[in-house]
Structures are given as C-alpha cells and as structure tokens.
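Q: Questions regarding the structure given below will be posed in turn.
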Amino acid sequence: MSLDALPGLREALETHGLWAKKAFGQHFLLDLNVTRKIARMAQVGEADHVIEVGPGPGGLTRALLETGARVTAIEKDERFRPLLEEVAAASGRLELIFGDALKADEAAIAGGAPAHVVSNLPYNVGTPLLVKWLTGPWTPASLTLMFQREVADRITAGPNEDAYGRLGVLAQATCEAHRVLDAPARAFTPPPKVDSAVVRLEPRADRPSPDRLTALQTVTAAAFGQRRKMLRSSLKSLGGEALAVAAGLDPQARAETVPVAGFLGLADAWLAAGR
Ligand code: SAM
C-alpha cells in the first residue's frame with residue numbers, strides 16, 4: 001500500500017475506535033492542507049531525517065513522509081500503535097518509538113547525523129521539550145514546532161514586549177527564532193481553548209557553550225524573577241550592581257529592557273567572577 005491509498009484521517013480514527021484524550025494534550029490536525037503547510041515550513045526533503053514528537057493519528061506524519069524525508073516518531077499513547085503501524089507499512093520510511101519524548105535520547109535516535117524536529121506539540125510538555133532541545137547536549141538541525149500562541153509569543157518576543165522573558169532569551173541566544181504560521185483553535189479536533197502558532201528555530205553557528213548556557217539560565221532566572229526591579233537589586237544574590245557594570249549594563253535598567261546580548265554579557269561576567 002502507498003501513502004495515497006491510506007484511509008482518510010477521520011476514517012482511520014473511527015476504524016480504530018480512537019478519540020482525543022485531554023491528559024495527553026491531544027488536539028489533532030486532520031486537515032492535510034494544514035499539515036502540508038507545516039511540512040513546507042520545516043523545509044525537509046528526501047535527504048533529511050525528521051524526529052516527530054506526538055504523531056497521534058499521523059496527519060503531520062503523513063505530510064512529512066510525503067516530502068520524501070525519513071521520519072522517527074515518538075508517541076506516548078500506545079492506543080495509536082495499530083494505526084501508526086499502517087502508516088509505517090505504507091511508507092517504509094517511518095520508524096515508531098512508543099514512550100515519553102521527555103526521556104528520549106535524540107542523539108542515539110539521530111545516530112550521529114543531523115536530524116530536524118517537527119511537531120504539533122502536546123501543550124502540557126511543549127515548553128520543557130523546547131528547553132531540552134535548546135540546551136542540549138543534542139543539537140537539532142532545526143525545530144519547526146506548533147505551540148499555544150502565548151508560548152510562541154514568549155519564544156519570539158524582544159525587549160520591551162510584554163511576552164519577553166527567560167524563554168525568549170534562551171531561544172534567541174541559541175537560535176534564530178521566527179513565528180511562521182498562525183493556526184486558529186478551529187483548525188484542531190477537538191479545538192483547544194486558545195489559538196496556536198508555528199515557530200521555526202534554526203540553531204546559531206555561535207551557539208553558547210554548555211557552561212555559558214547554564215550561566216545564562218541562572219542570570220535570567222534572577223533578573224526575570226523580579227522583572228520590574230532594577231538589575232542592581234534583582235541580581236543582588238549574583239553580584240548586583242558590580243555584575244551589571246562588569247557586563248557593561250546600566251545597574252538601574254530592568255530585565256525587560258535588556259537585549260539578549262546583554263544577558264549573554266551578564267552570563268560571561270558571572271562566569272568570569274568564578275561563580
Ligand atoms: N501530531 C498529531 C496531530 O497534529 O494531529 C497530534 C498532536 S497532539 C497536540 C500531541 C500528541 O503528543 C498526542 O498524540 C499525544 O498523545 C502525544 N504526547 C503527549 N505527551 C507526550 C510525550 N511526553 N511524549 C510523546 N508524545 C506525547
């Protein structure tokens with residue numbers, strides 16, 4: 001059987017007696033036009049290996065396979081095994097792993113070669129999964145990820161925007177990050193309470209070292225923990241005014257106004273102080 005000969009997604013769900021479970025953050029994309037758009041945003045093709053988290057009924061999986069890419073899909077919900085095994089048999093390029101993506105060893109899955117992550121992420125674990133991919137040790141070739149709109153805003157926001165915070169600094173210090181597609185709640189079955197958006201992240205060549213990233217997380221946690229306070233006070237436990245000055249920042253500035261480069265400067269100053 002080829003991919004074209006597979007039954008439609010709604011029919012496949014019905015045949016296998018499957019429905020969305022809230023506990024697994026399941027909101028399905030059953031419109032192949034939408035999943036094909038996401039696959040296009042992922043910019044993958046025959047030469048590429050894609051790791052997909054949460055294939056569920058396999059709509060995005062089918063679109064990714066249509067590009068010619070090889071796909072490894074990690075799904076926590078065992079109920080989808082028979083349905084996904086049909087997709088695997090039809091394509092010959094889909095490998096299935098049943099388990100928790102938070103515990104997955106992507107480096108072993110990728111086998112030393114580059115791999116792209118593409119996912120309509122489950123809402124309950126989307127942010128921890130992103131932080132795992134941003135901080136390593138494994139580095140994805142690219143990330144094309146559907147999030148709740150509010151999380152997408154936090155990833156891409158810059159200084160002086162309400163959504164600017166720790167997640168945006170970490171994402172933008174490690175990657176070029178852009179919101180590339182908006183998806184209204186009605187695009188999903190069942191529709192979630194909020195709209196969603198796809199974010200595309202491409203790791204920077206000058207990605208900070210693991211030590212620098214750990215330091216970056218320490219300084220952003222302190223600075224944004226009290227985002228309306230001046231740096232000299234929010235960073236008190238890390239060196240306060242002296243740390244800000246060493247990073248070339250105004251100690252009276254507030255975290256929400258400091259650009260990503262400023263936080264990298266703070267991380268360097270903190271490391272240089274031997275903390
Ligand atoms: N990709 C499908 C689509 O677009 O229609 C389903 C997306 S749904 C938002 C999220 C999927 O992730 C579900 O299939 C859910 O079972 C799965 N999932 C939830 N938590 C997971 C985890 N920790 N590891 C792997 N898969 C998970």
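Chain labels run A, B, ... following the order of the structure tokens; each chain numbers its residues from 1, and ligands are numbered from 1 in the order shown.
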Select from chain A every residue with an atom at most 6 Å from any atom of ligand 1, then for each give the shortest pair of atoms and their distance in Å to one decimal, using only C-alpha atoms and all ligand atoms, rows by chain and rising number, as a Markdown table.

A:
```
| residue | atom | partner | partner_atom_place_in_ligand_line | distance |
| --- | --- | --- | --- | --- |
| A:Phe24 | CA | ligand 1 | 19 (C) | 4.4 |
| A:Gly25 | CA | ligand 1 | 10 (C) | 5.6 |
| A:Gln26 | CA | ligand 1 | 8 (S) | 4.0 |
| A:His27 | CA | ligand 1 | 9 (C) | 4.4 |
| A:Phe28 | CA | ligand 1 | 5 (O) | 3.2 |
| A:Leu29 | CA | ligand 1 | 5 (O) | 3.8 |
| A:Val53 | CA | ligand 1 | 25 (C) | 5.4 |
| A:Gly54 | CA | ligand 1 | 12 (O) | 3.2 |
| A:Pro55 | CA | ligand 1 | 1 (N) | 3.8 |
| A:Gly56 | CA | ligand 1 | 14 (O) | 3.3 |
| A:Pro57 | CA | ligand 1 | 5 (O) | 5.9 |
| A:Gly58 | CA | ligand 1 | 2 (C) | 5.8 |
| A:Gly59 | CA | ligand 1 | 5 (O) | 5.4 |
| A:Leu60 | CA | ligand 1 | 4 (O) | 5.4 |
| A:Ile74 | CA | ligand 1 | 25 (C) | 5.3 |
| A:Glu75 | CA | ligand 1 | 26 (N) | 4.0 |
| A:Lys76 | CA | ligand 1 | 26 (N) | 4.2 |
| A:Asp77 | CA | ligand 1 | 16 (O) | 4.7 |
| A:Asp100 | CA | ligand 1 | 24 (N) | 3.7 |
| A:Ala101 | CA | ligand 1 | 24 (N) | 3.8 |
| A:Leu102 | CA | ligand 1 | 23 (N) | 5.6 |
| A:Asn120 | CA | ligand 1 | 4 (O) | 4.9 |
| A:Leu121 | CA | ligand 1 | 9 (C) | 5.1 |
| A:Pro122 | CA | ligand 1 | 10 (C) | 3.9 |
```

Q: Output the selection as an mmCIF file, in the first residue's frame - C-alpha atoms for each residue.

A:
```cif
data_model
loop_
_atom_site.group_PDB
_atom_site.id
_atom_site.type_symbol
_atom_site.label_atom_id
_atom_site.label_comp_id
_atom_site.auth_asym_id
_atom_site.auth_seq_id
_atom_site.Cartn_x
_atom_site.Cartn_y
_atom_site.Cartn_z
ATOM 1 C CA PHE A 24 -2.153 13.614 26.671
ATOM 2 C CA GLY A 25 -2.775 17.173 25.381
ATOM 3 C CA GLN A 26 -4.388 15.727 22.260
ATOM 4 C CA HIS A 27 -5.714 18.229 19.692
ATOM 5 C CA PHE A 28 -5.445 16.709 16.236
ATOM 6 C CA LEU A 29 -4.752 18.306 12.866
ATOM 7 C CA VAL A 53 7.039 14.125 18.752
ATOM 8 C CA GLY A 54 3.444 13.008 19.244
ATOM 9 C CA PRO A 55 2.286 11.752 15.828
ATOM 10 C CA GLY A 56 -1.163 10.800 17.238
ATOM 11 C CA PRO A 57 -3.363 9.890 14.257
ATOM 12 C CA GLY A 58 -0.470 10.724 11.923
ATOM 13 C CA GLY A 59 -1.707 13.722 9.896
ATOM 14 C CA LEU A 60 1.555 15.665 10.225
ATOM 15 C CA ILE A 74 7.838 9.253 19.338
ATOM 16 C CA GLU A 75 4.336 8.717 20.758
ATOM 17 C CA LYS A 76 3.378 8.257 24.404
ATOM 18 C CA ASP A 77 -0.152 6.973 23.779
ATOM 19 C CA ASP A 100 7.857 9.697 26.688
ATOM 20 C CA ALA A 101 9.649 12.216 24.447
ATOM 21 C CA LEU A 102 10.980 14.000 27.550
ATOM 22 C CA ASN A 120 2.436 19.723 16.838
ATOM 23 C CA LEU A 121 3.471 19.657 20.483
ATOM 24 C CA PRO A 122 1.311 18.459 23.345
#
```

Q: Extract, using only C-alpha atoms, all DNA, RNA and protein residues at most 10 Å from Leu216 in chain A, discarding same-chain residues fewer than 3 positions from it, and format them as a PDB file with N, CA, C and O atoms, in the first residue's frame.

A:
```pdb
ATOM      1  N   ARG A 166      12.499  34.792  30.130  1.00  0.00           N
ATOM      2  CA  ARG A 166      13.563  33.781  30.134  1.00  0.00           C
ATOM      3  C   ARG A 166      13.545  32.904  28.892  1.00  0.00           C
ATOM      4  O   ARG A 166      14.586  32.597  28.317  1.00  0.00           O
ATOM      5  N   VAL A 169      14.846  34.718  25.762  1.00  0.00           N
ATOM      6  CA  VAL A 169      16.301  34.943  25.811  1.00  0.00           C
ATOM      7  C   VAL A 169      17.025  33.639  25.489  1.00  0.00           C
ATOM      8  O   VAL A 169      17.958  33.613  24.668  1.00  0.00           O
ATOM      9  N   LEU A 170      16.575  32.536  26.104  1.00  0.00           N
ATOM     10  CA  LEU A 170      17.231  31.247  25.861  1.00  0.00           C
ATOM     11  C   LEU A 170      17.087  30.829  24.384  1.00  0.00           C
ATOM     12  O   LEU A 170      18.059  30.405  23.743  1.00  0.00           O
ATOM     13  N   ALA A 173      19.168  33.238  22.153  1.00  0.00           N
ATOM     14  CA  ALA A 173      20.621  33.136  22.349  1.00  0.00           C
ATOM     15  C   ALA A 173      21.159  31.897  21.631  1.00  0.00           C
ATOM     16  O   ALA A 173      22.324  31.851  21.232  1.00  0.00           O
ATOM     17  N   PRO A 208      25.982  29.312  22.314  1.00  0.00           N
ATOM     18  CA  PRO A 208      26.809  29.382  23.528  1.00  0.00           C
ATOM     19  C   PRO A 208      27.189  27.983  24.035  1.00  0.00           C
ATOM     20  O   PRO A 208      26.440  27.016  23.845  1.00  0.00           O
ATOM     21  N   PRO A 210      27.906  24.911  26.761  1.00  0.00           N
ATOM     22  CA  PRO A 210      27.033  24.459  27.851  1.00  0.00           C
ATOM     23  C   PRO A 210      27.199  25.287  29.131  1.00  0.00           C
ATOM     24  O   PRO A 210      26.219  25.647  29.784  1.00  0.00           O
ATOM     25  N   ASP A 211      28.454  25.646  29.500  1.00  0.00           N
ATOM     26  CA  ASP A 211      28.696  26.455  30.713  1.00  0.00           C
ATOM     27  C   ASP A 211      28.018  27.816  30.610  1.00  0.00           C
ATOM     28  O   ASP A 211      27.418  28.318  31.554  1.00  0.00           O
ATOM     29  N   ARG A 212      28.162  28.408  29.424  1.00  0.00           N
ATOM     30  CA  ARG A 212      27.593  29.735  29.202  1.00  0.00           C
ATOM     31  C   ARG A 212      26.056  29.680  29.266  1.00  0.00           C
ATOM     32  O   ARG A 212      25.414  30.584  29.788  1.00  0.00           O
ATOM     33  N   LEU A 213      25.500  28.569  28.732  1.00  0.00           N
ATOM     34  CA  LEU A 213      24.041  28.415  28.752  1.00  0.00           C
ATOM     35  C   LEU A 213      23.530  28.236  30.175  1.00  0.00           C
ATOM     36  O   LEU A 213      22.481  28.769  30.542  1.00  0.00           O
ATOM     37  N   VAL A 219      21.323  33.743  35.346  1.00  0.00           N
ATOM     38  CA  VAL A 219      21.128  35.204  35.411  1.00  0.00           C
ATOM     39  C   VAL A 219      19.716  35.606  34.944  1.00  0.00           C
ATOM     40  O   VAL A 219      19.124  36.531  35.511  1.00  0.00           O
ATOM     41  N   THR A 220      19.168  34.879  33.958  1.00  0.00           N
ATOM     42  CA  THR A 220      17.814  35.255  33.518  1.00  0.00           C
ATOM     43  C   THR A 220      16.779  34.880  34.581  1.00  0.00           C
ATOM     44  O   THR A 220      15.798  35.595  34.764  1.00  0.00           O
ATOM     45  N   ALA A 221      17.002  33.761  35.293  1.00  0.00           N
ATOM     46  CA  ALA A 221      16.061  33.370  36.357  1.00  0.00           C
ATOM     47  C   ALA A 221      16.014  34.466  37.416  1.00  0.00           C
ATOM     48  O   ALA A 221      14.940  34.861  37.875  1.00  0.00           O
ATOM     49  N   VAL A 260      19.105  40.346  24.348  1.00  0.00           N
ATOM     50  CA  VAL A 260      19.694  39.011  24.540  1.00  0.00           C
ATOM     51  C   VAL A 260      21.208  39.119  24.740  1.00  0.00           C
ATOM     52  O   VAL A 260      21.783  38.471  25.622  1.00  0.00           O
ATOM     53  N   PHE A 263      22.162  39.872  28.240  1.00  0.00           N
ATOM     54  CA  PHE A 263      22.104  38.722  29.159  1.00  0.00           C
ATOM     55  C   PHE A 263      23.294  37.796  28.956  1.00  0.00           C
ATOM     56  O   PHE A 263      23.812  37.225  29.920  1.00  0.00           O
ATOM     57  N   LEU A 264      23.739  37.658  27.699  1.00  0.00           N
ATOM     58  CA  LEU A 264      24.955  36.845  27.470  1.00  0.00           C
ATOM     59  C   LEU A 264      26.147  37.511  28.148  1.00  0.00           C
ATOM     60  O   LEU A 264      27.003  36.838  28.724  1.00  0.00           O
ATOM     61  N   GLY A 265      26.188  38.858  28.122  1.00  0.00           N
ATOM     62  CA  GLY A 265      27.245  39.607  28.806  1.00  0.00           C
ATOM     63  C   GLY A 265      27.193  39.352  30.311  1.00  0.00           C
ATOM     64  O   GLY A 265      28.228  39.151  30.961  1.00  0.00           O
ATOM     65  N   LEU A 266      25.988  39.332  30.870  1.00  0.00           N
ATOM     66  CA  LEU A 266      25.837  39.058  32.308  1.00  0.00           C
ATOM     67  C   LEU A 266      26.315  37.640  32.633  1.00  0.00           C
ATOM     68  O   LEU A 266      26.969  37.408  33.648  1.00  0.00           O
ATOM     69  N   ALA A 267      25.967  36.677  31.738  1.00  0.00           N
ATOM     70  CA  ALA A 267      26.392  35.285  31.949  1.00  0.00           C
ATOM     71  C   ALA A 267      27.919  35.213  31.947  1.00  0.00           C
ATOM     72  O   ALA A 267      28.523  34.559  32.807  1.00  0.00           O
ATOM     73  N   ASP A 268      28.556  35.924  31.009  1.00  0.00           N
ATOM     74  CA  ASP A 268      30.028  35.918  30.927  1.00  0.00           C
ATOM     75  C   ASP A 268      30.647  36.563  32.168  1.00  0.00           C
ATOM     76  O   ASP A 268      31.634  36.061  32.708  1.00  0.00           O
ATOM     77  N   TRP A 270      29.366  36.742  35.085  1.00  0.00           N
ATOM     78  CA  TRP A 270      29.146  35.857  36.240  1.00  0.00           C
ATOM     79  C   TRP A 270      30.160  34.705  36.218  1.00  0.00           C
ATOM     80  O   TRP A 270      30.740  34.348  37.237  1.00  0.00           O
ATOM     81  N   LEU A 271      30.408  34.161  35.010  1.00  0.00           N
ATOM     82  CA  LEU A 271      31.409  33.079  34.878  1.00  0.00           C
ATOM     83  C   LEU A 271      32.806  33.611  35.210  1.00  0.00           C
ATOM     84  O   LEU A 271      33.592  32.972  35.909  1.00  0.00           O
TER      85      LEU A 271
END
```

Q: Just to confirm, what's the straight-line distance from CA of Gly99 in chain A to CA of Ala73 in chain A in Å (one decimal)?

A: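 So the two atoms, CA of Gly99 in chain A and CA of Ala73 in chain A, lie 10.1 Å apart.
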
Q: Please report as CSV every residue of range 53-138 of chain A lying within 12 Å of range 199-203 of chain A, along with the nearest atom pair and their distance in Å (one decimal), using only C-alpha atoms.

A:
```
residue,atom,partner,partner_atom,distance
A:Pro114,CA,A:Pro203,CA,11.9
A:His116,CA,A:Glu202,CA,9.7
A:Val117,CA,A:Leu201,CA,9.8
A:Val118,CA,A:Arg200,CA,9.3
A:Ser119,CA,A:Val199,CA,10.3
A:Asn120,CA,A:Val199,CA,10.5
A:Leu121,CA,A:Val199,CA,11.2
A:Gly126,CA,A:Val199,CA,12.0
A:Leu130,CA,A:Leu201,CA,10.1
A:Trp133,CA,A:Pro203,CA,10.0
A:Leu134,CA,A:Pro203,CA,8.3
A:Thr135,CA,A:Pro203,CA,10.8
A:Gly136,CA,A:Pro203,CA,11.1
A:Trp138,CA,A:Pro203,CA,11.4
```

Q: Step one, run DSSP on the backbone; step two, keep only residues of range 32-107 of chain A assigned to alpha helix (DSSP H); then write them as a compact mmCIF listing (two decimals) with C-alpha atoms, in the first residue's frame.

A:
```txt
# COMPACT_ATOMS: atom_id res chain seq x y z
CA LEU A 32 -3.93 17.65 5.27
CA ASN A 33 -3.68 21.17 3.80
CA VAL A 34 -2.62 22.46 7.23
CA THR A 35 -0.20 19.61 7.93
CA ARG A 36 1.35 20.02 4.44
CA LYS A 37 1.88 23.73 5.18
CA ILE A 38 3.76 22.82 8.38
CA ALA A 39 5.84 20.25 6.47
CA ARG A 40 6.74 23.00 3.94
CA MET A 41 7.76 25.33 6.80
CA ALA A 42 10.05 22.55 8.05
CA GLY A 59 -1.71 13.72 9.90
CA LEU A 60 1.56 15.67 10.22
CA THR A 61 3.48 12.39 9.92
CA ARG A 62 1.88 11.71 6.52
CA ALA A 63 2.72 15.24 5.30
CA LEU A 64 6.33 14.83 6.45
CA LEU A 65 6.59 11.45 4.71
CA GLU A 66 5.20 12.99 1.51
CA ARG A 81 0.17 1.83 17.66
CA PRO A 82 -2.02 -0.14 15.18
CA LEU A 83 -3.00 2.99 13.22
CA LEU A 84 0.60 4.28 13.04
CA GLU A 85 1.91 0.83 12.08
CA GLU A 86 -0.34 1.06 8.98
CA VAL A 87 1.30 4.39 8.07
CA ALA A 88 4.75 2.86 8.66
CA ALA A 89 3.94 -0.13 6.42
CA ALA A 90 2.57 2.14 3.66
CA SER A 91 5.59 4.46 3.64
CA GLU A 106 17.68 12.17 20.42
CA ALA A 107 21.43 11.79 19.84
```

Q: Determine the nearest neighbour of Lys193 in chain A from the options A:Lys21, A:Arg228, A:His178, A:Arg149, counting only C-alpha atoms.

A: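 Under the stated criterion, the closest residue is A:Arg149.
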
Q: Which one is closest to Leu94 in chain A: A:Ala12, A:Met230, A:Leu3, A:Ala197? Count only C-alpha atoms.

A: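 Closest candidate: A:Leu3.
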
Q: Could you pull out the strand (DSSP E or B) residues of range 57-157 of chain A from DSSP and send them as a ChimeraX atom specification?

A: /A:70-75,94-98,116-120,142-148

Q: So, with only C-alpha atoms as the atoms that count, which of A:Gly240, A:Gly45, A:Pro259, A:Pro7 lies closest to Gly165 in chain A?

A: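 Nearest to Gly165 in chain A: A:Pro259.
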
Q: Grab the CA of Thr144 in chain A to CA of Gly92 in chain A distance for me, in Å with one decimal place.

A: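 Rounded to one decimal, the two atoms are 23.1 Å apart.
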